[in-house]
Every structure is written in structure tokens, then in C-alpha cells.
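Structure, as C-alpha cells:
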Amino acid sequence: MIILKTNRELQFMKRAGRVAANALKIAGEVVEPGVSTWEIDRAAQKYIESEGAEPTFLGYGGFPATCCISVNQVVIHGIPSKKQIIREGDIVSIDVGATLEGYVGDNAWTFPCGKVSEEAQRLMDTTRESLFEGIKAAQPNHRLGDVGSAVQRYAEARGYSVVRDFVGHGVGAKMHEDPSVPNYGTPGRGVRLLPGMTIAIEPMITEGTYKVKTLDDGWTTVTADGKLAAHFENSIAITPDGPVILTVADR
């Protein structure tokens, strides 16, 4: 069931989105050579809790951390660790959510560690821009297929693949609500977008195959061919005037 949000609820979601976006920015600022993914996670958790919010991911389905931190060929759901040290040239995808006043903000970004290769930078740029293509397509009375198609067209036209096994989602009082929001699709197909809908659009784009596999820890999901992946996400609201991003940092 898709839950349409009132204007009052959207204000709550903007406040939760602000905390999530600030946490993501803070985590990204920690990314540098020699830092562990655990240290990045702790910085985000410390900020979220200082705002009186809760880390949405911590304990969700048994996930043991505040952030999913996915490095290089890891697509999503990387588990932070004191043993995993970020190196110059890595690309680091950080996905983090914050729950405040009963509502969730959910966002992700892929950060470069120091100087990265031209290929890695191009992948990150394409994934980021595919997110904004999807957001632009999320107009009232359009359909979910328009959103997924916009992401897919942008990424595939540049030689990349779109992960199929994981998709975006509705977001609100719960992190995962209806509807599912694929990053691929057919224009004019799927659920109609109505004012009050709130969704998380999150392209996961790879250098090679779109196929992925999950490791034995039950969480860490990597590209099947070991090539790089990037991940960007915003929570947005559908309004009569068009899409509004809910996960916006203070600066």
C-alpha cells in the first residue's frame, strides 16, 4: 500500500532528511587514505545521535552498523570494519539513514579517496547524473517507469550497466515502503506518481555486468565480475509543482 504524506508529514521528513544528509556529508569528509570504514561509520553515528535522531540502519534486519560502506567493487551493504582501511584511489559508497520524530531520511553518495582514476571518476559522475535524471522524471502524473527509464537511458548510453537485483523504494515512517522504484523500466508504465508520494531513488551503476552476488556474511553485495560500482541516492517527495529533494544538508 502506498501512503501519501500530508504537508505536515513532509515537514517531518525534511527534518529527518536534513539529519541524514548532514550525516552523509560528515561521513564523506572522513574519507581519506589510512582511515577505516569503522571510523567513517562512527562519525556518522555520533552526529545522528547528537541531533536526537536514531541511525535507521543500525539493527535493521540485523545490520550491525549505522552506515553501509561499500568500497570499489562492493555495490551495496558493505559492513564497516576496523580492519578495512581506505586507500588512495578507492571509491567509497556510503549509504546512511536517520529516523527523527518518527520519519526516515535515506541517502547515499559515492566519494573518491584522494585522486582516483579517470574511469572511476567517470563512473561516479555518470551515476550521480543518472540520479538527477531520475529525479527530474519524477513529475506528478508521470509513472515509475518514466523514472527508471530516465536512469537507465542515461547510464547505458555511456556504456554502463544498471543493477537489477536491488532497487529504490518508498520511504516515510518506515525505511522501506511501497512502491519499489527500479532504476530501469519502460516510459509510461508502472505506478502513477501522485502528490504526497515519497520515494528513494538510488541508482546502482556498474562498469561491467549488472549481475551481482552477495557474500557469505549475508549483506555485502559485489559485482559478479569484480568491476567498479557506484551508488547515489536521495529521498524525494512528489508535489504538485514537481519533485522536491528531502535529503538536503545544511551546507
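Every chain in the C-alpha cells takes a letter, A first, then B, and so on in the order presented; its residues are numbered from 1, and the ligands are numbered from 1 following the presented order.
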Skip stretch 122-127 of chain A itself and residues of its chain fewer than 2 positions away, then list as a PDB file with N, CA and C atoms, in the first residue's frame all residues within 8 Å of it, counting only C-alpha atoms.
```pdb
ATOM      1  N   THR A 110      28.713   8.384  -3.468  1.00  0.00           N
ATOM      2  CA  THR A 110      29.998   7.720  -3.648  1.00  0.00           C
ATOM      3  C   THR A 110      31.098   8.771  -3.659  1.00  0.00           C
ATOM      4  N   GLU A 118      40.595   8.128 -13.963  1.00  0.00           N
ATOM      5  CA  GLU A 118      39.594   8.766 -14.822  1.00  0.00           C
ATOM      6  C   GLU A 118      38.373   7.868 -14.990  1.00  0.00           C
ATOM      7  N   GLU A 119      38.609   6.565 -15.057  1.00  0.00           N
ATOM      8  CA  GLU A 119      37.496   5.630 -15.224  1.00  0.00           C
ATOM      9  C   GLU A 119      36.575   5.641 -14.001  1.00  0.00           C
ATOM     10  N   ALA A 120      37.170   5.675 -12.820  1.00  0.00           N
ATOM     11  CA  ALA A 120      36.365   5.710 -11.597  1.00  0.00           C
ATOM     12  C   ALA A 120      35.584   7.015 -11.497  1.00  0.00           C
ATOM     13  N   GLU A 129      24.709  11.764 -12.053  1.00  0.00           N
ATOM     14  CA  GLU A 129      23.825  12.440 -13.008  1.00  0.00           C
ATOM     15  C   GLU A 129      22.612  11.578 -13.355  1.00  0.00           C
ATOM     16  N   SER A 130      22.771  10.263 -13.347  1.00  0.00           N
ATOM     17  CA  SER A 130      21.613   9.398 -13.610  1.00  0.00           C
ATOM     18  C   SER A 130      20.578   9.540 -12.496  1.00  0.00           C
ATOM     19  N   LEU A 131      21.049   9.743 -11.263  1.00  0.00           N
ATOM     20  CA  LEU A 131      20.122  10.013 -10.158  1.00  0.00           C
ATOM     21  C   LEU A 131      19.295  11.257 -10.451  1.00  0.00           C
ATOM     22  N   TYR A 154      20.291   7.138 -19.341  1.00  0.00           N
ATOM     23  CA  TYR A 154      21.478   7.958 -19.121  1.00  0.00           C
ATOM     24  C   TYR A 154      22.704   7.075 -18.890  1.00  0.00           C
ATOM     25  N   ALA A 155      22.571   6.071 -18.038  1.00  0.00           N
ATOM     26  CA  ALA A 155      23.722   5.218 -17.699  1.00  0.00           C
ATOM     27  C   ALA A 155      24.138   4.342 -18.872  1.00  0.00           C
ATOM     28  N   ARG A 158      26.107   5.696 -21.810  1.00  0.00           N
ATOM     29  CA  ARG A 158      27.517   5.958 -21.528  1.00  0.00           C
ATOM     30  C   ARG A 158      28.301   4.675 -21.292  1.00  0.00           C
ATOM     31  N   TYR A 160      27.503   1.936 -19.338  1.00  0.00           N
ATOM     32  CA  TYR A 160      27.434   1.297 -18.027  1.00  0.00           C
ATOM     33  C   TYR A 160      26.201   0.409 -17.901  1.00  0.00           C
ATOM     34  N   PRO A 203      20.161   4.934  -7.943  1.00  0.00           N
ATOM     35  CA  PRO A 203      20.885   4.175  -8.975  1.00  0.00           C
ATOM     36  C   PRO A 203      22.115   3.484  -8.419  1.00  0.00           C
ATOM     37  N   MET A 204      22.266   2.216  -8.797  1.00  0.00           N
ATOM     38  CA  MET A 204      23.474   1.436  -8.537  1.00  0.00           C
ATOM     39  C   MET A 204      24.002   1.045  -9.913  1.00  0.00           C
ATOM     40  N   ILE A 205      25.100   1.645 -10.308  1.00  0.00           N
ATOM     41  CA  ILE A 205      25.596   1.544 -11.679  1.00  0.00           C
ATOM     42  C   ILE A 205      26.977   0.881 -11.659  1.00  0.00           C
ATOM     43  N   THR A 206      27.209   0.003 -12.638  1.00  0.00           N
ATOM     44  CA  THR A 206      28.458  -0.764 -12.660  1.00  0.00           C
ATOM     45  C   THR A 206      29.215  -0.556 -13.967  1.00  0.00           C
ATOM     46  N   GLU A 207      30.535  -0.779 -13.890  1.00  0.00           N
ATOM     47  CA  GLU A 207      31.392  -0.690 -15.085  1.00  0.00           C
ATOM     48  C   GLU A 207      31.147  -1.834 -16.058  1.00  0.00           C
ATOM     49  N   ALA A 229      31.659  -0.283  -8.950  1.00  0.00           N
ATOM     50  CA  ALA A 229      30.255   0.116  -8.877  1.00  0.00           C
ATOM     51  C   ALA A 229      30.161   1.436  -8.115  1.00  0.00           C
ATOM     52  N   ALA A 230      29.128   2.214  -8.416  1.00  0.00           N
ATOM     53  CA  ALA A 230      28.852   3.450  -7.684  1.00  0.00           C
ATOM     54  C   ALA A 230      27.375   3.493  -7.319  1.00  0.00           C
ATOM     55  N   HIS A 231      27.053   4.283  -6.292  1.00  0.00           N
ATOM     56  CA  HIS A 231      25.691   4.296  -5.722  1.00  0.00           C
ATOM     57  C   HIS A 231      25.392   5.704  -5.216  1.00  0.00           C
ATOM     58  N   PHE A 232      24.314   6.287  -5.718  1.00  0.00           N
ATOM     59  CA  PHE A 232      23.851   7.599  -5.259  1.00  0.00           C
ATOM     60  C   PHE A 232      22.364   7.510  -4.969  1.00  0.00           C
TER      61      PHE A 232
END
```
| request: Select from stretch 149-243 of chain A everything DSSP, run on the backbone, classes as strand (DSSP E), then give the selection as number ranges by chain. | output: A: 161-162, 168-170, 177-181, 198-201, 204-206, 212-214, 221-223, 229-231, 234-239, 242-243
Shortest contact to A:Asp178, candidates A:Ser235, A:Thr198, A:Ser36, A:Ser50, atoms counted only C-alpha atoms, goes to A:Thr198
Give me the residues within 12 Å of A:Gly52 as number ranges by chain, counting only C-alpha atoms and dropping any in the same chain fewer than 4 places off.
A: 15-16, 19, 45-48, 98-102
Residues of the last selection are to be written out with C-alpha atoms, as a PDB file, in the first residue's frame.
```
ATOM      1  CA  ARG A  15      13.851  17.376   9.154  1.00  0.00           C
ATOM      2  CA  ALA A  16      14.823  13.701   9.138  1.00  0.00           C
ATOM      3  CA  VAL A  19      19.965  14.879   9.571  1.00  0.00           C
ATOM      4  CA  GLN A  45      26.524   7.731  14.172  1.00  0.00           C
ATOM      5  CA  LYS A  46      27.898  10.355  16.541  1.00  0.00           C
ATOM      6  CA  TYR A  47      26.336  13.165  14.517  1.00  0.00           C
ATOM      7  CA  ILE A  48      22.932  11.459  14.132  1.00  0.00           C
ATOM      8  CA  ALA A  98      18.310   8.793  10.101  1.00  0.00           C
ATOM      9  CA  THR A  99      14.994   8.462  11.918  1.00  0.00           C
ATOM     10  CA  LEU A 100      13.677  11.606  13.606  1.00  0.00           C
ATOM     11  CA  GLU A 101      10.216  12.269  15.033  1.00  0.00           C
ATOM     12  CA  GLY A 102       9.001   9.008  13.558  1.00  0.00           C
TER      13      GLY A 102
END
```
Exercise: A:Val35 partners within 6 Å, only C-alpha atoms, chain neighbours under 3 positions left out, as a PyMOL selection string
chain A and resi 32+85-86
Please, could you write that set of residues out with N, CA and C atoms as a PDB file, in the first residue's frame?
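The resulting selection-v9.pdb:
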```pdb
ATOM      1  N   GLU A  32      39.542   9.366   3.611  1.00  0.00           N
ATOM      2  CA  GLU A  32      40.896   9.719   3.190  1.00  0.00           C
ATOM      3  C   GLU A  32      41.792   8.504   3.390  1.00  0.00           C
ATOM      4  N   ILE A  85      40.772  -0.685   5.604  1.00  0.00           N
ATOM      5  CA  ILE A  85      41.415   0.624   5.534  1.00  0.00           C
ATOM      6  C   ILE A  85      41.270   1.182   4.118  1.00  0.00           C
ATOM      7  N   ILE A  86      40.797   2.421   4.036  1.00  0.00           N
ATOM      8  CA  ILE A  86      40.612   3.063   2.739  1.00  0.00           C
ATOM      9  C   ILE A  86      41.974   3.474   2.177  1.00  0.00           C
TER      10      ILE A  86
END
```
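Closest approach to A:Val30 from the set A:Phe111, A:Gln11, A:Ala249, A:Gly97 is made by A:Phe111, with distances taken over only C-alpha atoms.
Minimum atom-to-atom distances from A:Val248, A:Leu144, A:Ile69, A:Ala108 to A:Val92 were compared using only C-alpha atoms, and the lowest value belongs to A:Ile69.
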TODO: Give me the residues within 10 Å of A:Lys115 as a PyMOL selection string, counting only C-alpha atoms and dropping any in the same chain fewer than 2 places off.
DONE: chain A and resi 88-91+112-113+117-118+120-121
Can those selected residues be exported to a file as a short mmCIF file (atom, residue, chain, number, x, y, z; two decimals), in the first residue's frame so that it contains C-alpha atoms?
```
data_model
loop_
_atom_site.label_atom_id
_atom_site.label_comp_id
_atom_site.auth_asym_id
_atom_site.auth_seq_id
_atom_site.Cartn_x
_atom_site.Cartn_y
_atom_site.Cartn_z
CA GLU A 88 44.28 6.31 -2.25
CA GLY A 89 42.27 5.77 -5.43
CA ASP A 90 39.39 3.87 -3.80
CA ILE A 91 35.80 4.91 -4.40
CA PRO A 112 36.62 9.47 -4.07
CA CYS A 113 39.53 8.75 -1.75
CA SER A 117 41.36 7.06 -11.93
CA GLU A 118 39.59 8.77 -14.82
CA ALA A 120 36.37 5.71 -11.60
CA GLN A 121 35.57 9.43 -11.77
#
```
re atom CA of A:Cys68 and atom CA of A:Glu133: distance 24.0 Å
Non-local contacts of A:Ala27 (9 Å; only C-alpha atoms; under 2 positions in same chain excluded) as an NGL selection string:
:A and (22-25 or 29-31 or 39-44 or 67 or 94)
One residue among A:Gly28, A:Pro179, A:Gly59, A:Gly242 is nearest to A:Leu4 when using only C-alpha atoms, and that residue is A:Pro179
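Minimum atom-to-atom distance to A:Ile3, evaluated using only C-alpha atoms, belongs to A:Glu177 out of A:Glu54, A:Glu156, A:Glu233, A:Glu177.
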Using only C-alpha atoms, the best pick from A:Arg18, A:Ile26, A:Val104, A:Met197 as closest to A:Glu51 would be A:Arg18
**Request:** Using DSSP on the backbone coordinates, identify the residues of stretch 47-222 of chain A assigned to alpha helix (DSSP H); present them as a ChimeraX atom specification.
**Result:** /A:47-50,118-137,144-157
Quick one: write out the picked residues with N, CA and C atoms as a JSON list (two decimals), in the first residue's frame?
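Final output, saved to again.json:
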```json
[["chain", "number", "residue", "atom", "x", "y", "z"],
["A", 47, "TYR", "N", 27.11, 11.99, 14.93],
["A", 47, "TYR", "CA", 26.34, 13.16, 14.52],
["A", 47, "TYR", "C", 24.83, 12.90, 14.63],
["A", 48, "ILE", "N", 24.37, 11.76, 14.10],
["A", 48, "ILE", "CA", 22.93, 11.46, 14.13],
["A", 48, "ILE", "C", 22.41, 11.50, 15.55],
["A", 49, "GLU", "N", 23.13, 10.87, 16.46],
["A", 49, "GLU", "CA", 22.68, 10.83, 17.85],
["A", 49, "GLU", "C", 22.74, 12.20, 18.51],
["A", 50, "SER", "N", 23.68, 13.04, 18.10],
["A", 50, "SER", "CA", 23.77, 14.40, 18.66],
["A", 50, "SER", "C", 22.57, 15.24, 18.28],
["A", 118, "GLU", "N", 40.59, 8.13, -13.96],
["A", 118, "GLU", "CA", 39.59, 8.77, -14.82],
["A", 118, "GLU", "C", 38.37, 7.87, -14.99],
["A", 119, "GLU", "N", 38.61, 6.56, -15.06],
["A", 119, "GLU", "CA", 37.50, 5.63, -15.22],
["A", 119, "GLU", "C", 36.58, 5.64, -14.00],
["A", 120, "ALA", "N", 37.17, 5.68, -12.82],
["A", 120, "ALA", "CA", 36.37, 5.71, -11.60],
["A", 120, "ALA", "C", 35.58, 7.01, -11.50],
["A", 121, "GLN", "N", 36.24, 8.13, -11.84],
["A", 121, "GLN", "CA", 35.57, 9.43, -11.77],
["A", 121, "GLN", "C", 34.40, 9.49, -12.75],
["A", 122, "ARG", "N", 34.60, 8.94, -13.94],
["A", 122, "ARG", "CA", 33.54, 8.96, -14.94],
["A", 122, "ARG", "C", 32.35, 8.11, -14.48],
["A", 123, "LEU", "N", 32.63, 6.98, -13.85],
["A", 123, "LEU", "CA", 31.55, 6.15, -13.31],
["A", 123, "LEU", "C", 30.77, 6.89, -12.24],
["A", 124, "MET", "N", 31.48, 7.55, -11.32],
["A", 124, "MET", "CA", 30.79, 8.30, -10.27],
["A", 124, "MET", "C", 29.96, 9.44, -10.85],
["A", 125, "ASP", "N", 30.54, 10.17, -11.80],
["A", 125, "ASP", "CA", 29.82, 11.29, -12.42],
["A", 125, "ASP", "C", 28.55, 10.80, -13.11],
["A", 126, "THR", "N", 28.67, 9.70, -13.83],
["A", 126, "THR", "CA", 27.52, 9.17, -14.56],
["A", 126, "THR", "C", 26.43, 8.71, -13.60],
["A", 127, "THR", "N", 26.83, 8.04, -12.53],
["A", 127, "THR", "CA", 25.84, 7.54, -11.57],
["A", 127, "THR", "C", 25.14, 8.71, -10.89],
["A", 128, "ARG", "N", 25.90, 9.72, -10.49],
["A", 128, "ARG", "CA", 25.29, 10.90, -9.87],
["A", 128, "ARG", "C", 24.30, 11.57, -10.82],
["A", 129, "GLU", "N", 24.71, 11.76, -12.05],
["A", 129, "GLU", "CA", 23.82, 12.44, -13.01],
["A", 129, "GLU", "C", 22.61, 11.58, -13.35],
["A", 130, "SER", "N", 22.77, 10.26, -13.35],
["A", 130, "SER", "CA", 21.61, 9.40, -13.61],
["A", 130, "SER", "C", 20.58, 9.54, -12.50],
["A", 131, "LEU", "N", 21.05, 9.74, -11.26],
["A", 131, "LEU", "CA", 20.12, 10.01, -10.16],
["A", 131, "LEU", "C", 19.30, 11.26, -10.45],
["A", 132, "PHE", "N", 19.96, 12.33, -10.87],
["A", 132, "PHE", "CA", 19.23, 13.57, -11.10],
["A", 132, "PHE", "C", 18.34, 13.49, -12.33],
["A", 133, "GLU", "N", 18.71, 12.65, -13.30],
["A", 133, "GLU", "CA", 17.80, 12.40, -14.42],
["A", 133, "GLU", "C", 16.53, 11.70, -13.93],
["A", 134, "GLY", "N", 16.70, 10.76, -13.01],
["A", 134, "GLY", "CA", 15.54, 10.09, -12.43],
["A", 134, "GLY", "C", 14.66, 11.04, -11.64],
["A", 135, "ILE", "N", 15.31, 11.91, -10.86],
["A", 135, "ILE", "CA", 14.54, 12.88, -10.08],
["A", 135, "ILE", "C", 13.76, 13.81, -10.99],
["A", 136, "LYS", "N", 14.38, 14.28, -12.05],
["A", 136, "LYS", "CA", 13.70, 15.19, -12.99],
["A", 136, "LYS", "C", 12.47, 14.52, -13.61],
["A", 137, "ALA", "N", 12.55, 13.21, -13.79],
["A", 137, "ALA", "CA", 11.43, 12.49, -14.40],
["A", 137, "ALA", "C", 10.29, 12.20, -13.42],
["A", 144, "LEU", "N", 6.21, 5.42, -12.61],
["A", 144, "LEU", "CA", 7.52, 4.95, -12.13],
["A", 144, "LEU", "C", 8.40, 4.50, -13.28],
["A", 145, "GLY", "N", 7.81, 3.99, -14.33],
["A", 145, "GLY", "CA", 8.61, 3.59, -15.49],
["A", 145, "GLY", "C", 9.35, 4.75, -16.11],
["A", 146, "ASP", "N", 8.80, 5.95, -16.00],
["A", 146, "ASP", "CA", 9.49, 7.14, -16.53],
["A", 146, "ASP", "C", 10.76, 7.41, -15.73],
["A", 147, "VAL", "N", 10.69, 7.19, -14.42],
["A", 147, "VAL", "CA", 11.85, 7.43, -13.55],
["A", 147, "VAL", "C", 12.95, 6.41, -13.86],
["A", 148, "GLY", "N", 12.59, 5.12, -13.83],
["A", 148, "GLY", "CA", 13.58, 4.08, -14.09],
["A", 148, "GLY", "C", 14.17, 4.18, -15.48],
["A", 149, "SER", "N", 13.32, 4.52, -16.45],
["A", 149, "SER", "CA", 13.81, 4.65, -17.82],
["A", 149, "SER", "C", 14.81, 5.78, -17.96],
["A", 150, "ALA", "N", 14.56, 6.90, -17.25],
["A", 150, "ALA", "CA", 15.48, 8.04, -17.32],
["A", 150, "ALA", "C", 16.85, 7.67, -16.78],
["A", 151, "VAL", "N", 16.87, 6.95, -15.66],
["A", 151, "VAL", "CA", 18.14, 6.49, -15.09],
["A", 151, "VAL", "C", 18.84, 5.55, -16.06],
["A", 152, "GLN", "N", 18.10, 4.58, -16.54],
["A", 152, "GLN", "CA", 18.67, 3.55, -17.40],
["A", 152, "GLN", "C", 19.23, 4.13, -18.69],
["A", 153, "ARG", "N", 18.47, 5.00, -19.34],
["A", 153, "ARG", "CA", 18.92, 5.59, -20.60],
["A", 153, "ARG", "C", 20.22, 6.36, -20.42],
["A", 154, "TYR", "N", 20.29, 7.14, -19.34],
["A", 154, "TYR", "CA", 21.48, 7.96, -19.12],
["A", 154, "TYR", "C", 22.70, 7.07, -18.89],
["A", 155, "ALA", "N", 22.57, 6.07, -18.04],
["A", 155, "ALA", "CA", 23.72, 5.22, -17.70],
["A", 155, "ALA", "C", 24.14, 4.34, -18.87],
["A", 156, "GLU", "N", 23.18, 3.71, -19.51],
["A", 156, "GLU", "CA", 23.52, 2.77, -20.58],
["A", 156, "GLU", "C", 24.06, 3.48, -21.80],
["A", 157, "ALA", "N", 23.61, 4.71, -22.05],
["A", 157, "ALA", "CA", 24.13, 5.47, -23.19],
["A", 157, "ALA", "C", 25.61, 5.77, -23.03]]
```
Show me, as a PyMOL selection string, the residues that have an atom within 6 Å of A:Asn107 when counting only C-alpha atoms, minus same-chain residues fewer than 4 positions from it.
chain A and resi 95-96+233-234
Can you write out as a tab-separated table which residues of stretch 88-204 of chain A fall within 10 Å of stretch 213-227 of chain A, alongside each residue's closest atom pair and its distance in Å to one decimal, counting only C-alpha atoms and ordering rows by chain and ascending residue number?
```
residue	atom	partner	partner_atom	distance
A:Val163	CA	A:Thr223	CA	9.0
A:Asp165	CA	A:Lys213	CA	9.3
A:Phe166	CA	A:Thr221	CA	9.9
```
